[in-house]
Number of protein chains: 2
Amino acid sequence: MASNTRTNGARLWDSLMQMARHGATPKGGVKRLTFTAEDRAARDLFRSWCEERGYGVRVDVAGNMFARRQGKRADLAPVLMGSHLDSQPTGGKFDGAYGVLAALEVLRSLDDLEIETLRPIEAVNWTNEEGAIFKPMLGSEMFIGAKSLEDGYAMTEPGGRTFLQGLDTIGYRGATPLKPYPIHCYLEAHIEQGPILEIEKKTIGVVTAGIGLRWYAITIVGVEAHAGPTPMGSRRDALVGAAEIVLAVRQIAAGIEDGRGTVGCLTPQPGSPNVIPGTVEMTVDFRHVSVESLAAMDRALRAQVEATAARHKLKASLRDTAHNPTIPFHPTLVSWVREAAERRGLPSLDIVSGAGHDACHLAKIVPTTMIFIPCEGGISHNEIESATLADCEAGCNVLFDVAIRAANEAKEFD
Amino acid sequence: MASNTRTNGARLWDSLMQMARHGATPKGGVKRLTFTAEDRAARDLFRSWCEERGYGVRVDVAGNMFARRQGKRADLAPVLMGSHLDSQPTGGKFDGAYGVLAALEVLRSLDDLEIETLRPIEAVNWTNEEGAIFKPMLGSEMFIGAKSLEDGYAMTEPGGRTFLQGLDTIGYRGATPLKPYPIHCYLEAHIEQGPILEIEKKTIGVVTAGIGLRWYAITIVGVEAHAGPTPMGSRRDALVGAAEIVLAVRQIAAGIEDGRGTVGCLTPQPGSPNVIPGTVEMTVDFRHVSVESLAAMDRALRAQVEATAARHKLKASLRDTAHNPTIPFHPTLVSWVREAAERRGLPSLDIVSGAGHDACHLAKIVPTTMIFIPCEGGISHNEIESATLADCEAGCNVLFDVAIRAANEAKEFD
């Protein structure tokens, strides 16, 4: 095993900074939306780096890019590593790009160290992970066959352009079919996008699962009325009801260990300073790794919505808009990440991914896991998103170790 | 006195229904925004009704329209009665139009009954009361000199057109200067726009004052973060802070007799289902007739904003955006309204106007009062706004009595 070898952290960092020039924002972040000129430039740069090392790049019909470093046995399924190069509208330098460039750095280091693996190893850049334009993780969803090519192509961005038109605009509709060969396993390195590793002073997050999620859209209807003449006791104020639900969502999630509850959207109508809101539309996002806990949160929310509506004489309706079960990662790969961190003396912590990642799709069809590194203050989807060179290198070394170990196993995972 | 005489309720109702055709909406309401074709058509109709009775119509430089029925003494200051013909974007048939057409009905009934008054009596339609386009009550504000003609003309609507351009578009920039002669008193009949008269089963609201008001804009800043990976204990959720303030505003107002407190606008940013809101902008509207109570509400709000910010590690700032003191109406006129209702056997109730009206501006320079009638469910600024013929006639009869009484007094009010 390779724990006395290491990847080149300085080169990885340099690649991250070069990549961050494409879509660089004045505040030090990145705006690199799917199917824009910045996305194309980032893809071109990744392709040129791969090709100058001799890694053949294939682009599939969904625009996913695969760079292969050959192994001794071309007949064996490759180890796949990667993430995405697209960003949020006000994104950072690390979310996604770190996973792609750490994968590239693993391949480069294997070259430098003249390490030959049994299986081929590939670095992948998935199309449209962020969902700032289309729905999130679309490239990997199409790859695993959870969304058909036809349906994916027909998806439409707010401006009216389809996924297929966008793909053609940047010239990244490839000829390779979706998943043309078996994959041995999938590994994704990523910044945590939360504060837990930083708070716990750990370098490596051993990601055991992708968290389960339920989304709701709630509509509250009261009676729009003039703010001056309407006595407090006669009001049916939809925003008062919504405010109770906001606080309840927080209380429900905080009351269950490792629960998450968020109201991200809330729109009172008509939205005039002297009119009592007659309607509010709002969203709720609940997450928990345990099926039972997520169900308990669901029951508590429904009870709260009913109680609030009754108390304030409102009509409230709740619609389920998403229900993604927890995705457990492959136990063997998870233990290999834990062991690699330990062997390198890196403090690690078992952690659940609170966010969705391409790995959550891949886990449905191949053995998969993720490796997290800390990001400053836990802040992500933000131009001030930051990570250290040391942590980037540490995560890349763990990825290197697990990739080699997987690539040298002749037999498939159980 | 005229309690054995009465106005013609059926004719008043018919005029209300004819007027409501201008800007009629499919839901039975009215959309008659200031300086639109509908506003012009309503003005033209009002003018034609006045002129066919021989009431000379003067339009002033702010577009306010005055129709005069002469009295015995042309040298005495006239009694002025009226309201406004413009509406909210989704307004009703009665808000404003009732006060203008009740004033016209008083003049018509005086003709029918061949009653001559000492003083002239005028019916007025004030320009732009609703504030759906410009700020509210602009015509009467310019009339009393609280806003200069120059400043009023320069006000700009969202589309970029100025008040002066709008006025010229509909051809209602008149030649009469603002307030060219003294006014004896001002009377305004209006639907209550609240539920109190209906709840208390009273026909006439004896309006003793226009309520005092404070407006605030509050900005709450937390930290925008990903809804999945961020533990509840690490969050600085601006919307949670805003929700606490919404509930506190309700509690503060409900805890003081006759207090009113409303959050009408609330906007979380970035407004994405899986992002913890980093910023919220919100408004607060507090009203109370007592200076001390309004000050107590103000103190309670400031303390709450500070406590909420501290509890959730947020930054919160509060700006005062309006502070209009309570406007007491003229005690003699108020008692005349009460007496007129009693003499006609109409159940009445002393009430404070919770909404702003042109009368609140007029009260600053001339003896003024208002007469309220019930509206169904207290609902106004809504296409379903409704009032009965009987109540419209009752309010008009009280207006008739008070106008005659005022118009037959040779001496000025104290």
# chains A, B, ... in the order shown; residues from 1 in each chain; ligands from 1
>>> calpha_fit_and_write(fixed="chain A", moving="chain B", output="compact mmCIF listing (two decimals) with C-alpha atoms, in the first residue's frame")
# COMPACT_ATOMS: atom_id res chain seq x y z
CA MET B 1 0.11 0.07 0.16
CA ALA B 2 0.99 3.63 -0.68
CA SER B 3 1.06 5.45 2.65
CA ASN B 4 4.73 6.37 2.16
CA THR B 5 3.80 7.88 -1.21
CA ARG B 6 1.72 10.97 -1.62
CA THR B 7 0.00 13.17 -4.13
CA ASN B 8 1.31 16.60 -5.06
CA GLY B 9 -0.75 19.03 -2.99
CA ALA B 10 0.87 22.11 -4.48
CA ARG B 11 0.03 20.97 -8.02
CA LEU B 12 -3.56 20.16 -6.98
CA TRP B 13 -3.86 23.63 -5.42
CA ASP B 14 -2.42 25.25 -8.51
CA SER B 15 -4.93 23.40 -10.71
CA LEU B 16 -7.80 24.50 -8.41
CA MET B 17 -6.69 28.12 -8.68
CA GLN B 18 -6.29 27.93 -12.47
CA MET B 19 -9.71 26.33 -12.82
CA ALA B 20 -11.23 29.05 -10.59
CA ARG B 21 -10.28 31.69 -13.17
CA HIS B 22 -13.11 30.41 -15.39
CA GLY B 23 -16.13 32.27 -14.06
CA ALA B 24 -14.13 34.10 -11.39
CA THR B 25 -16.20 36.72 -9.55
CA PRO B 26 -14.92 39.97 -8.01
CA LYS B 27 -15.60 38.58 -4.51
CA GLY B 28 -13.21 35.66 -5.10
CA GLY B 29 -15.87 33.11 -5.93
CA VAL B 30 -16.95 31.37 -9.10
CA LYS B 31 -20.00 31.69 -11.34
CA ARG B 32 -19.75 28.80 -13.77
CA LEU B 33 -23.27 27.81 -14.69
CA THR B 34 -23.99 24.72 -16.75
CA PHE B 35 -23.80 25.19 -20.53
CA THR B 36 -22.28 28.67 -20.42
CA ALA B 37 -19.01 29.82 -21.97
CA GLU B 38 -17.40 29.42 -18.53
CA ASP B 39 -18.57 25.80 -18.30
CA ARG B 40 -17.09 25.13 -21.76
CA ALA B 41 -13.80 26.78 -20.85
CA ALA B 42 -13.55 24.72 -17.64
CA ARG B 43 -14.29 21.53 -19.58
CA ASP B 44 -11.71 22.45 -22.24
CA LEU B 45 -9.09 23.04 -19.54
CA PHE B 46 -9.84 19.73 -17.82
CA ARG B 47 -9.69 17.95 -21.19
CA SER B 48 -6.36 19.56 -22.11
CA TRP B 49 -4.81 18.58 -18.75
CA CYS B 50 -5.99 15.00 -19.25
CA GLU B 51 -4.82 14.77 -22.85
CA GLU B 52 -1.37 16.19 -22.13
CA ARG B 53 -0.92 13.20 -19.79
CA GLY B 54 -2.26 10.80 -22.39
CA TYR B 55 -5.52 9.99 -20.57
CA GLY B 56 -8.03 9.41 -23.34
CA VAL B 57 -11.12 11.58 -22.79
CA ARG B 58 -14.55 10.31 -23.78
CA VAL B 59 -17.63 12.50 -23.64
CA ASP B 60 -20.95 10.73 -23.36
CA VAL B 61 -24.31 11.72 -24.83
CA ALA B 62 -25.17 13.61 -21.61
CA GLY B 63 -21.93 15.60 -21.70
CA ASN B 64 -20.30 13.65 -18.82
CA MET B 65 -16.49 13.56 -19.40
CA PHE B 66 -14.38 10.49 -18.57
CA ALA B 67 -10.55 10.52 -18.62
CA ARG B 68 -8.97 7.05 -18.41
CA ARG B 69 -5.54 6.05 -17.13
CA GLN B 70 -5.03 2.52 -18.33
CA GLY B 71 -4.39 -0.43 -15.98
CA LYS B 72 -2.75 -3.78 -16.60
CA ARG B 73 -6.07 -5.42 -17.37
CA ALA B 74 -8.15 -3.53 -19.92
CA ASP B 75 -10.91 -6.15 -19.54
CA LEU B 76 -11.62 -5.22 -15.91
CA ALA B 77 -14.16 -2.58 -14.87
CA PRO B 78 -12.46 0.71 -14.02
CA VAL B 79 -12.40 2.58 -10.73
CA LEU B 80 -14.23 5.86 -11.27
CA MET B 81 -13.47 9.05 -9.30
CA GLY B 82 -14.75 12.55 -9.75
CA SER B 83 -17.34 15.23 -9.16
CA HIS B 84 -18.45 18.30 -11.17
CA LEU B 85 -17.06 21.54 -12.61
CA ASP B 86 -20.29 23.56 -12.75
CA SER B 87 -21.05 25.97 -9.89
CA GLN B 88 -23.83 27.85 -8.13
CA PRO B 89 -24.55 31.40 -9.37
CA THR B 90 -22.54 32.67 -6.39
CA GLY B 91 -20.40 29.62 -5.79
CA GLY B 92 -16.88 28.95 -4.58
CA LYS B 93 -13.64 27.49 -5.92
CA PHE B 94 -13.91 24.06 -4.24
CA ASP B 95 -17.48 22.70 -4.46
CA GLY B 96 -17.21 20.08 -7.22
CA ALA B 97 -13.95 21.28 -8.75
CA TYR B 98 -12.05 19.77 -5.81
CA GLY B 99 -13.42 16.27 -6.53
CA VAL B 100 -12.62 16.45 -10.25
CA LEU B 101 -9.13 17.87 -9.80
CA ALA B 102 -8.28 15.58 -6.86
CA ALA B 103 -9.17 12.67 -9.18
CA LEU B 104 -6.89 14.15 -11.87
CA GLU B 105 -4.14 14.64 -9.27
CA VAL B 106 -4.42 10.96 -8.29
CA LEU B 107 -3.83 9.98 -11.93
CA ARG B 108 -0.91 12.43 -12.28
CA SER B 109 0.69 11.14 -9.06
CA LEU B 110 0.36 7.56 -10.24
CA ASP B 111 2.35 8.64 -13.33
CA ASP B 112 4.98 10.49 -11.29
CA LEU B 113 5.43 7.51 -8.98
CA GLU B 114 5.28 5.11 -11.92
CA ILE B 115 2.60 3.06 -10.19
CA GLU B 116 0.75 0.63 -12.40
CA THR B 117 -2.69 -0.58 -11.26
CA LEU B 118 -4.53 -3.74 -12.21
CA ARG B 119 -7.70 -1.94 -13.23
CA PRO B 120 -8.03 1.24 -15.27
CA ILE B 121 -8.79 4.36 -13.21
CA GLU B 122 -10.96 7.18 -14.56
CA ALA B 123 -11.58 10.76 -13.57
CA VAL B 124 -15.09 12.04 -14.34
CA ASN B 125 -16.72 15.47 -14.62
CA TRP B 126 -20.50 15.07 -14.33
CA THR B 127 -22.75 17.47 -16.24
CA ASN B 128 -24.99 19.89 -14.30
CA GLU B 129 -24.62 18.83 -10.70
CA GLU B 130 -25.66 22.08 -9.07
CA GLY B 131 -29.20 22.39 -10.33
CA ALA B 132 -28.89 26.14 -10.61
CA ILE B 133 -30.20 25.82 -14.19
CA PHE B 134 -31.88 22.43 -14.49
CA LYS B 135 -32.61 20.01 -11.63
CA PRO B 136 -29.54 18.94 -9.62
CA MET B 137 -27.30 15.96 -10.48
CA LEU B 138 -28.82 15.51 -13.91
CA GLY B 139 -25.72 14.13 -15.67
CA SER B 140 -25.24 11.35 -13.12
CA GLU B 141 -28.99 10.68 -12.97
CA MET B 142 -29.02 10.11 -16.73
CA PHE B 143 -25.83 8.05 -16.48
CA ILE B 144 -27.39 5.57 -14.03
CA GLY B 145 -30.58 5.41 -16.09
CA ALA B 146 -32.82 6.98 -13.44
CA LYS B 147 -33.74 9.59 -16.02
CA SER B 148 -34.00 8.63 -19.69
CA LEU B 149 -31.85 10.41 -22.24
CA GLU B 150 -35.02 11.67 -23.92
CA ASP B 151 -36.47 13.12 -20.72
CA GLY B 152 -33.14 14.66 -19.75
CA TYR B 153 -32.70 16.26 -23.17
CA ALA B 154 -36.19 17.78 -22.96
CA MET B 155 -35.60 19.52 -19.58
CA THR B 156 -35.86 23.26 -19.96
CA GLU B 157 -33.99 26.06 -18.22
CA PRO B 158 -35.82 29.24 -17.07
CA GLY B 159 -34.82 31.05 -20.30
CA GLY B 160 -36.46 28.31 -22.39
CA ARG B 161 -33.39 26.50 -23.71
CA THR B 162 -33.48 22.72 -23.41
CA PHE B 163 -30.72 20.57 -21.93
CA LEU B 164 -29.95 19.25 -25.44
CA GLN B 165 -29.72 22.77 -26.90
CA GLY B 166 -27.41 23.79 -24.04
CA LEU B 167 -25.22 20.76 -24.56
CA ASP B 168 -24.92 21.53 -28.29
CA THR B 169 -24.24 25.23 -27.59
CA ILE B 170 -21.02 24.35 -25.78
CA GLY B 171 -20.21 21.47 -28.14
CA TYR B 172 -20.20 18.82 -25.44
CA ARG B 173 -22.74 16.33 -26.78
CA GLY B 174 -20.44 13.32 -27.02
CA ALA B 175 -20.83 10.09 -28.95
CA THR B 176 -20.30 7.65 -26.07
CA PRO B 177 -23.55 6.04 -24.89
CA LEU B 178 -24.58 6.22 -21.22
CA LYS B 179 -22.74 3.65 -19.05
CA PRO B 180 -21.28 1.63 -21.93
CA TYR B 181 -19.28 -0.67 -19.61
CA PRO B 182 -19.38 -1.85 -15.97
CA ILE B 183 -17.89 0.35 -13.23
CA HIS B 184 -15.92 -1.29 -10.40
CA CYS B 185 -16.65 1.44 -7.87
CA TYR B 186 -17.11 5.20 -7.59
CA LEU B 187 -15.21 7.56 -5.25
CA GLU B 188 -15.96 11.23 -4.77
CA ALA B 189 -13.89 13.70 -2.76
CA HIS B 190 -15.74 16.86 -1.74
CA ILE B 191 -15.64 19.71 0.74
CA GLU B 192 -18.02 19.00 3.63
CA GLN B 193 -20.23 22.08 3.02
CA GLY B 194 -20.98 21.99 6.74
CA PRO B 195 -19.05 22.89 9.92
CA ILE B 196 -18.76 19.52 11.66
CA LEU B 197 -15.19 18.56 10.67
CA GLU B 198 -13.97 22.03 11.53
CA ILE B 199 -15.76 22.04 14.90
CA GLU B 200 -14.49 18.55 15.72
CA LYS B 201 -10.99 19.36 14.40
CA LYS B 202 -10.94 16.43 11.98
CA THR B 203 -9.32 16.39 8.55
CA ILE B 204 -11.16 13.50 6.89
CA GLY B 205 -14.89 12.88 6.88
CA VAL B 206 -15.57 9.17 6.42
CA VAL B 207 -18.91 9.47 4.66
CA THR B 208 -21.18 6.57 5.60
CA ALA B 209 -24.33 7.64 3.77
CA GLY B 210 -26.16 10.29 1.82
CA ILE B 211 -28.87 11.67 4.10
CA GLY B 212 -32.57 11.04 3.48
CA LEU B 213 -34.65 14.06 2.55
CA ARG B 214 -38.27 15.17 2.39
CA TRP B 215 -39.41 18.34 0.71
CA TYR B 216 -42.78 20.05 1.13
CA ALA B 217 -44.59 23.00 -0.39
CA ILE B 218 -47.08 24.58 2.01
CA THR B 219 -49.79 27.07 1.03
CA ILE B 220 -51.49 29.05 3.77
CA VAL B 221 -54.61 31.03 2.96
CA GLY B 222 -56.11 33.61 5.30
CA VAL B 223 -57.95 36.82 4.54
CA GLU B 224 -56.20 39.81 2.99
CA ALA B 225 -57.30 42.93 4.87
CA HIS B 226 -56.30 46.49 5.64
CA ALA B 227 -53.67 46.69 8.41
CA GLY B 228 -55.24 49.78 10.02
CA PRO B 229 -58.94 49.13 10.56
CA THR B 230 -58.81 45.37 11.23
CA PRO B 231 -58.69 44.51 14.96
CA MET B 232 -56.15 41.87 15.99
CA GLY B 233 -58.90 39.48 17.09
CA SER B 234 -60.64 39.58 13.68
CA ARG B 235 -57.55 38.79 11.60
CA ARG B 236 -56.80 35.69 9.61
CA ASP B 237 -53.16 36.55 8.92
CA ALA B 238 -51.47 33.96 6.70
CA LEU B 239 -48.00 35.23 7.65
CA VAL B 240 -48.62 34.71 11.36
CA GLY B 241 -49.45 31.08 10.54
CA ALA B 242 -46.34 30.77 8.37
CA ALA B 243 -44.15 32.22 11.14
CA GLU B 244 -45.41 29.60 13.58
CA ILE B 245 -44.52 26.88 11.09
CA VAL B 246 -41.00 28.33 10.55
CA LEU B 247 -40.36 28.13 14.29
CA ALA B 248 -41.94 24.67 14.52
CA VAL B 249 -39.74 23.34 11.69
CA ARG B 250 -36.69 24.47 13.63
CA GLN B 251 -37.99 22.96 16.86
CA ILE B 252 -38.92 19.63 15.27
CA ALA B 253 -35.48 19.23 13.67
CA ALA B 254 -33.57 20.43 16.74
CA GLY B 255 -35.56 18.02 18.91
CA ILE B 256 -34.31 14.92 17.05
CA GLU B 257 -30.57 14.15 17.18
CA ASP B 258 -28.89 14.92 13.86
CA GLY B 259 -32.14 16.21 12.35
CA ARG B 260 -32.17 19.09 9.87
CA GLY B 261 -35.14 21.34 9.14
CA THR B 262 -35.14 24.44 6.96
CA VAL B 263 -37.63 26.89 5.52
CA GLY B 264 -35.78 28.38 2.55
CA CYS B 265 -38.60 30.03 0.59
CA LEU B 266 -41.46 32.06 2.06
CA THR B 267 -43.55 34.51 0.06
CA PRO B 268 -46.40 36.52 1.60
CA GLN B 269 -49.00 38.01 -0.76
CA PRO B 270 -49.84 40.73 -1.67
CA GLY B 271 -46.66 41.96 0.05
CA SER B 272 -47.65 45.52 0.93
CA PRO B 273 -46.65 47.12 4.27
CA ASN B 274 -50.25 48.01 5.20
CA VAL B 275 -52.04 44.89 4.02
CA ILE B 276 -52.46 41.79 6.21
CA PRO B 277 -51.06 38.93 4.09
CA GLY B 278 -53.84 36.78 2.67
CA THR B 279 -51.62 34.02 1.31
CA VAL B 280 -48.18 32.58 2.00
CA GLU B 281 -46.33 30.00 -0.08
CA MET B 282 -43.43 28.32 1.72
CA THR B 283 -41.10 25.33 1.46
CA VAL B 284 -39.87 22.90 4.10
CA ASP B 285 -36.72 20.76 3.80
CA PHE B 286 -36.35 17.92 6.36
CA ARG B 287 -33.34 15.59 6.46
CA HIS B 288 -32.42 12.62 8.62
CA VAL B 289 -30.36 9.51 8.05
CA SER B 290 -32.91 7.33 9.89
CA VAL B 291 -36.15 6.37 8.15
CA GLU B 292 -37.99 6.37 11.48
CA SER B 293 -36.76 9.81 12.48
CA LEU B 294 -37.67 11.29 9.10
CA ALA B 295 -41.15 9.78 9.44
CA ALA B 296 -41.48 11.26 12.94
CA MET B 297 -40.49 14.69 11.62
CA ASP B 298 -43.05 14.29 8.84
CA ARG B 299 -45.82 13.48 11.35
CA ALA B 300 -44.86 16.40 13.57
CA LEU B 301 -44.95 18.83 10.64
CA ARG B 302 -48.38 17.68 9.50
CA ALA B 303 -49.75 18.01 13.04
CA GLN B 304 -48.24 21.49 13.35
CA VAL B 305 -49.70 22.70 10.05
CA GLU B 306 -53.13 21.47 11.11
CA ALA B 307 -52.88 23.04 14.57
CA THR B 308 -51.69 26.37 13.18
CA ALA B 309 -54.49 26.47 10.61
CA ALA B 310 -57.10 25.75 13.29
CA ARG B 311 -55.68 28.28 15.77
CA HIS B 312 -55.63 31.17 13.29
CA LYS B 313 -58.67 30.20 11.17
CA LEU B 314 -56.49 29.65 8.11
CA LYS B 315 -56.64 27.11 5.33
CA ALA B 316 -53.35 25.27 4.99
CA SER B 317 -52.36 22.62 2.48
CA LEU B 318 -49.16 20.63 2.40
CA ARG B 319 -47.81 18.94 -0.74
CA ASP B 320 -44.93 16.45 -0.84
CA THR B 321 -42.48 17.66 -3.48
CA ALA B 322 -39.56 15.25 -2.92
CA HIS B 323 -38.82 12.15 -0.86
CA ASN B 324 -35.33 10.75 -1.32
CA PRO B 325 -34.48 7.90 1.04
CA THR B 326 -31.10 7.69 2.79
CA ILE B 327 -28.39 6.20 0.54
CA PRO B 328 -25.96 4.03 2.54
CA PHE B 329 -22.46 3.97 1.01
CA HIS B 330 -20.58 0.71 0.45
CA PRO B 331 -19.30 -0.62 3.82
CA THR B 332 -16.03 -1.98 2.41
CA LEU B 333 -15.15 1.30 0.71
CA VAL B 334 -16.22 3.24 3.82
CA SER B 335 -13.85 1.14 5.95
CA TRP B 336 -11.04 1.62 3.42
CA VAL B 337 -11.42 5.39 3.71
CA ARG B 338 -11.31 5.12 7.50
CA GLU B 339 -8.23 2.88 7.34
CA ALA B 340 -6.42 5.10 4.84
CA ALA B 341 -6.93 8.15 7.06
CA GLU B 342 -5.68 6.22 10.09
CA ARG B 343 -2.60 4.94 8.31
CA ARG B 344 -1.71 8.45 7.24
CA GLY B 345 -2.29 9.77 10.75
CA LEU B 346 -5.16 11.99 9.65
CA PRO B 347 -7.86 12.57 12.28
CA SER B 348 -11.16 11.33 10.84
CA LEU B 349 -14.82 11.23 11.76
CA ASP B 350 -17.71 9.18 10.44
CA ILE B 351 -20.15 11.60 8.90
CA VAL B 352 -23.35 11.57 6.86
CA SER B 353 -23.55 13.72 3.75
CA GLY B 354 -26.27 16.24 4.40
CA ALA B 355 -26.19 17.45 0.82
CA GLY B 356 -26.98 15.54 -2.38
CA HIS B 357 -24.03 14.55 -4.56
CA ASP B 358 -23.49 12.63 -7.81
CA ALA B 359 -22.25 9.84 -5.50
CA CYS B 360 -25.83 9.45 -4.22
CA HIS B 361 -26.93 8.46 -7.74
CA LEU B 362 -23.88 6.28 -8.42
CA ALA B 363 -24.41 4.42 -5.12
CA LYS B 364 -27.66 3.05 -6.54
CA ILE B 365 -25.77 1.02 -9.18
CA VAL B 366 -22.13 0.57 -8.07
CA PRO B 367 -20.17 0.37 -4.79
CA THR B 368 -19.62 4.00 -3.87
CA THR B 369 -18.31 6.22 -1.15
CA MET B 370 -17.21 9.80 -0.52
CA ILE B 371 -14.33 11.53 1.26
CA PHE B 372 -15.01 14.89 2.91
CA ILE B 373 -12.52 17.57 3.86
CA PRO B 374 -13.29 20.65 6.01
CA CYS B 375 -14.30 23.98 4.52
CA GLU B 376 -13.88 27.22 6.44
CA GLY B 377 -16.79 27.94 8.76
CA GLY B 378 -18.74 25.19 6.99
CA ILE B 379 -19.68 27.75 4.36
CA SER B 380 -20.43 26.64 0.81
CA HIS B 381 -22.64 27.75 -2.08
CA ASN B 382 -21.02 31.10 -1.33
CA GLU B 383 -18.24 33.08 -2.96
CA ILE B 384 -16.26 33.09 0.29
CA GLU B 385 -16.15 29.25 0.34
CA SER B 386 -12.63 28.27 1.37
CA ALA B 387 -10.45 25.24 2.12
CA THR B 388 -6.74 24.86 2.93
CA LEU B 389 -4.03 23.38 0.72
CA ALA B 390 -3.14 20.95 3.52
CA ASP B 391 -6.70 19.62 3.79
CA CYS B 392 -7.07 19.40 0.00
CA GLU B 393 -3.86 17.36 -0.16
CA ALA B 394 -4.89 15.16 2.78
CA GLY B 395 -8.21 14.28 1.14
CA CYS B 396 -6.45 13.65 -2.15
CA ASN B 397 -4.00 11.30 -0.46
CA VAL B 398 -6.88 9.29 1.02
CA LEU B 399 -8.55 9.21 -2.39
CA PHE B 400 -5.21 8.03 -3.86
CA ASP B 401 -4.91 5.19 -1.34
CA VAL B 402 -8.48 3.96 -1.73
CA ALA B 403 -8.37 4.22 -5.53
CA ILE B 404 -5.17 2.17 -5.72
CA ARG B 405 -6.54 -0.41 -3.29
CA ALA B 406 -9.75 -0.74 -5.32
CA ALA B 407 -7.91 -0.76 -8.63
CA ASN B 408 -5.67 -3.62 -7.50
CA GLU B 409 -8.54 -5.91 -6.51
CA ALA B 410 -9.24 -8.38 -9.28
CA LYS B 411 -12.56 -9.50 -7.81
CA GLU B 412 -15.71 -7.44 -7.75
CA PHE B 413 -17.21 -6.07 -4.52
CA ASP B 414 -19.85 -8.14 -2.73
>>> select_by_dssp(residues="segment 114-193 of chain A", states="alpha helix (DSSP H)", output="number ranges by chain")
A: 138-143, 149-154, 163-169
>>> select_by_dssp(residues="segment 174-305 of chain A", states="strand (DSSP E or B)", output="ChimeraX atom specification")
/A:176,185-191,204-210,212-221,225-226,260-262,266-269,275-276,279-288
>>> decode(residues="segment 119-130 of chain B", atoms="N, CA and C atoms", output="CSV table (one decimal), in the first residue's frame")
chain,number,residue,atom,x,y,z
B,119,ARG,N,-74.4,78.7,3.1
B,119,ARG,CA,-73.1,78.6,2.5
B,119,ARG,C,-73.2,77.7,1.2
B,120,PRO,N,-72.3,77.9,0.3
B,120,PRO,CA,-72.2,77.0,-0.8
B,120,PRO,C,-71.7,75.6,-0.2
B,121,ILE,N,-72.1,74.5,-1.0
B,121,ILE,CA,-71.6,73.2,-0.6
B,121,ILE,C,-71.0,72.6,-1.8
B,122,GLU,N,-69.8,72.0,-1.6
B,122,GLU,CA,-69.1,71.4,-2.7
B,122,GLU,C,-68.8,69.9,-2.5
B,123,ALA,N,-68.8,69.2,-3.7
B,123,ALA,CA,-68.4,67.8,-3.7
B,123,ALA,C,-67.1,67.7,-4.3
B,124,VAL,N,-66.1,67.0,-3.7
B,124,VAL,CA,-64.8,66.9,-4.2
B,124,VAL,C,-64.4,65.5,-4.5
B,125,ASN,N,-63.6,65.3,-5.6
B,125,ASN,CA,-62.9,64.1,-5.9
B,125,ASN,C,-61.4,64.4,-5.9
B,126,TRP,N,-60.7,63.8,-4.8
B,126,TRP,CA,-59.3,64.0,-4.7
B,126,TRP,C,-58.5,63.1,-5.6
B,127,THR,N,-57.4,63.7,-6.1
B,127,THR,CA,-56.5,62.9,-7.0
B,127,THR,C,-55.7,61.9,-6.2
B,128,ASN,N,-55.6,60.6,-6.7
B,128,ASN,CA,-54.6,59.7,-6.2
B,128,ASN,C,-54.7,59.5,-4.7
B,129,GLU,N,-55.8,59.0,-4.2
B,129,GLU,CA,-55.8,58.7,-2.8
B,129,GLU,C,-55.1,57.4,-2.5
B,130,GLU,N,-55.3,56.4,-3.3
B,130,GLU,CA,-54.9,55.0,-2.9
B,130,GLU,C,-53.4,54.8,-2.8
